[in-house]
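Novice: First the structure, then my questions, so here it is.
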Amino acid sequence: MNRTAAIFMLIISLACGSVDAQKANDANIHNDILQALPSGISAATASADVIAQAAIDVAFNMGRESGANLPQKQMEANLTQVMLSLEEMTRAGRFPNAPRFGEKNPPGRFYTRVLNIASSNLDVASDTYYGTTVQYIIGLTAALREGQNLANGATSNAITAK
């Protein structure tokens, strides 16, 4: 490959990678999670599982058009952003009825429930809820951990397929 072609490929890959840009304190995502809570349930009264389900609904429906399944890359970017927002909201005390720390807090329940969705059908040839497949599970796990890492100011080098 000549140098011009290599530079062109680099520019294209950087332009396509913009789907991964995450935003701290994204008020739109915070509001989307709150609006996805079931009718009659507020942030003050919601359990960690109810909050996690609202976050799932937001993550798997962001950018979805006409009910079509999201591509894995978009799914992962959405999960990272929603996890970051959920961590921020939990730490800020937005959900007083749910634990703020531990595996049973909203981000912990979100993590577990996303992996349950991705692994709910072990037939790799078919989709599960929200268009995920068991083949996505590593990428989804890495995306969720990336959201937690962003909230914690941590870095990691997750091993995923590119």
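Every chain in the structure tokens takes a letter, A first, then B, and so on in the order presented; its residues are numbered from 1, and the ligands are numbered from 1 following the presented order.
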Please report as JSON lines every residue of range 87-109 of chain A lying within 12 Å of range 28-40 of chain A, along with the nearest atom pair and their distance in Å (one decimal), using only C-alpha atoms.
Specialist:
{"residue": "A:Glu87", "atom": "CA", "partner": "A:His30", "partner_atom": "CA", "distance": 10.4}
{"residue": "A:Glu88", "atom": "CA", "partner": "A:His30", "partner_atom": "CA", "distance": 8.9}
{"residue": "A:Met89", "atom": "CA", "partner": "A:His30", "partner_atom": "CA", "distance": 7.3}
{"residue": "A:Thr90", "atom": "CA", "partner": "A:His30", "partner_atom": "CA", "distance": 10.6}
{"residue": "A:Ala92", "atom": "CA", "partner": "A:His30", "partner_atom": "CA", "distance": 11.6}
{"residue": "A:Arg94", "atom": "CA", "partner": "A:Leu34", "partner_atom": "CA", "distance": 9.7}
{"residue": "A:Phe95", "atom": "CA", "partner": "A:Leu34", "partner_atom": "CA", "distance": 10.0}
{"residue": "A:Pro106", "atom": "CA", "partner": "A:Ile33", "partner_atom": "CA", "distance": 11.4}
Novice: Using N, CA, C and O atoms, can you export the residues from the last selection as a PDB file, in the first residue's frame?
Specialist:
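Dumped everything to result14.pdb:
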ATOM      1  N   GLU A  87     -23.663   5.895  36.061  1.00  0.00           N
ATOM      2  CA  GLU A  87     -22.684   6.023  37.159  1.00  0.00           C
ATOM      3  C   GLU A  87     -22.724   7.429  37.744  1.00  0.00           C
ATOM      4  O   GLU A  87     -22.740   7.604  38.966  1.00  0.00           O
ATOM      5  N   GLU A  88     -22.753   8.437  36.886  1.00  0.00           N
ATOM      6  CA  GLU A  88     -22.789   9.830  37.349  1.00  0.00           C
ATOM      7  C   GLU A  88     -24.040  10.102  38.165  1.00  0.00           C
ATOM      8  O   GLU A  88     -23.984  10.712  39.236  1.00  0.00           O
ATOM      9  N   MET A  89     -25.175   9.646  37.664  1.00  0.00           N
ATOM     10  CA  MET A  89     -26.439   9.892  38.345  1.00  0.00           C
ATOM     11  C   MET A  89     -26.498   9.176  39.690  1.00  0.00           C
ATOM     12  O   MET A  89     -26.991   9.730  40.678  1.00  0.00           O
ATOM     13  N   THR A  90     -25.995   7.958  39.743  1.00  0.00           N
ATOM     14  CA  THR A  90     -25.996   7.197  40.988  1.00  0.00           C
ATOM     15  C   THR A  90     -25.100   7.855  42.016  1.00  0.00           C
ATOM     16  O   THR A  90     -25.486   8.019  43.180  1.00  0.00           O
ATOM     17  N   ALA A  92     -24.311  10.929  42.208  1.00  0.00           N
ATOM     18  CA  ALA A  92     -24.878  12.218  42.594  1.00  0.00           C
ATOM     19  C   ALA A  92     -26.092  12.051  43.516  1.00  0.00           C
ATOM     20  O   ALA A  92     -26.657  13.039  43.965  1.00  0.00           O
ATOM     21  N   ARG A  94     -29.063  10.660  42.697  1.00  0.00           N
ATOM     22  CA  ARG A  94     -30.340  10.891  42.000  1.00  0.00           C
ATOM     23  C   ARG A  94     -31.368   9.798  42.272  1.00  0.00           C
ATOM     24  O   ARG A  94     -32.552   9.995  42.015  1.00  0.00           O
ATOM     25  N   PHE A  95     -30.925   8.660  42.790  1.00  0.00           N
ATOM     26  CA  PHE A  95     -31.825   7.527  43.031  1.00  0.00           C
ATOM     27  C   PHE A  95     -31.766   7.131  44.508  1.00  0.00           C
ATOM     28  O   PHE A  95     -31.136   6.127  44.862  1.00  0.00           O
ATOM     29  N   PRO A 106     -27.727   0.773  40.660  1.00  0.00           N
ATOM     30  CA  PRO A 106     -28.222   0.819  39.273  1.00  0.00           C
ATOM     31  C   PRO A 106     -27.191   0.450  38.203  1.00  0.00           C
ATOM     32  O   PRO A 106     -27.502  -0.358  37.315  1.00  0.00           O
TER      33      PRO A 106
END
Novice: Near Asn105 in chain A, within 9 Å and counting only C-alpha atoms, which residues show up once chain neighbours fewer than 4 positions away are dropped, as a list in words?
Specialist: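 With the cut-off at 9 Å, the set is Ser47, Ala48, Asp49, Ala52, Thr90, Ala98, Pro99, Arg100, Phe101, Arg109 and Phe110 of chain A.
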Novice: Any chance you could export the current selection's N, CA and C atoms as a PDB file, in the first residue's frame?
Specialist:
ATOM      1  N   SER A  47     -36.486   1.426  42.059  1.00  0.00           N
ATOM      2  CA  SER A  47     -35.507   0.436  42.516  1.00  0.00           C
ATOM      3  C   SER A  47     -34.366   0.365  41.510  1.00  0.00           C
ATOM      4  N   ALA A  48     -33.285  -0.265  41.897  1.00  0.00           N
ATOM      5  CA  ALA A  48     -32.135  -0.407  41.006  1.00  0.00           C
ATOM      6  C   ALA A  48     -32.510  -1.172  39.735  1.00  0.00           C
ATOM      7  N   ASP A  49     -33.373  -2.189  39.854  1.00  0.00           N
ATOM      8  CA  ASP A  49     -33.771  -2.958  38.674  1.00  0.00           C
ATOM      9  C   ASP A  49     -34.641  -2.141  37.725  1.00  0.00           C
ATOM     10  N   ALA A  52     -32.295   0.194  35.990  1.00  0.00           N
ATOM     11  CA  ALA A  52     -31.503  -0.553  35.007  1.00  0.00           C
ATOM     12  C   ALA A  52     -32.312  -0.825  33.747  1.00  0.00           C
ATOM     13  N   THR A  90     -25.995   7.958  39.743  1.00  0.00           N
ATOM     14  CA  THR A  90     -25.996   7.197  40.988  1.00  0.00           C
ATOM     15  C   THR A  90     -25.100   7.855  42.016  1.00  0.00           C
ATOM     16  N   ALA A  98     -32.377   3.449  45.708  1.00  0.00           N
ATOM     17  CA  ALA A  98     -31.489   2.392  45.214  1.00  0.00           C
ATOM     18  C   ALA A  98     -30.124   2.525  45.890  1.00  0.00           C
ATOM     19  N   PRO A  99     -29.425   1.399  46.086  1.00  0.00           N
ATOM     20  CA  PRO A  99     -28.083   1.480  46.681  1.00  0.00           C
ATOM     21  C   PRO A  99     -27.150   2.321  45.814  1.00  0.00           C
ATOM     22  N   ARG A 100     -26.267   3.062  46.450  1.00  0.00           N
ATOM     23  CA  ARG A 100     -25.309   3.880  45.698  1.00  0.00           C
ATOM     24  C   ARG A 100     -24.037   3.117  45.371  1.00  0.00           C
ATOM     25  N   PHE A 101     -23.768   2.034  46.093  1.00  0.00           N
ATOM     26  CA  PHE A 101     -22.525   1.295  45.913  1.00  0.00           C
ATOM     27  C   PHE A 101     -22.825  -0.202  45.817  1.00  0.00           C
ATOM     28  N   ARG A 109     -26.702  -3.375  38.347  1.00  0.00           N
ATOM     29  CA  ARG A 109     -27.860  -4.103  37.816  1.00  0.00           C
ATOM     30  C   ARG A 109     -27.949  -3.924  36.292  1.00  0.00           C
ATOM     31  N   PHE A 110     -27.606  -2.749  35.803  1.00  0.00           N
ATOM     32  CA  PHE A 110     -27.580  -2.495  34.357  1.00  0.00           C
ATOM     33  C   PHE A 110     -26.590  -3.449  33.689  1.00  0.00           C
TER      34      PHE A 110
END
Novice: Go through A:Ala46, A:Met75, A:Ala59, A:Val82 one by one, measure the shortest atom-to-atom distance of each to Ala27 in chain A using only C-alpha atoms, and give the residue with the smallest value.
Specialist: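 Closest residue, counting only C-alpha atoms: A:Val82.
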Novice: CA of Lys104 in chain A and CA of Pro71 in chain A are how many Å apart?
Specialist: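 Going from CA of Lys104 in chain A over to CA of Pro71 in chain A, I get 29.1 Å.
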Novice: Nearest to Asn78 in chain A among A:Ala54, A:Ala24, A:Leu115, A:Ala143, with distances taken over only C-alpha atoms: which residue is it?
Specialist: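 Closest residue, counting only C-alpha atoms: A:Ala143.
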Novice: Taking the DSSP assignment computed from this structure's backbone, write out as a ChimeraX atom specification all residues of range 28-148 of chain A that belong to helix (DSSP H, G or I).
Specialist: /A:28-35,48-61,72-91,106-118,129-131,134-148
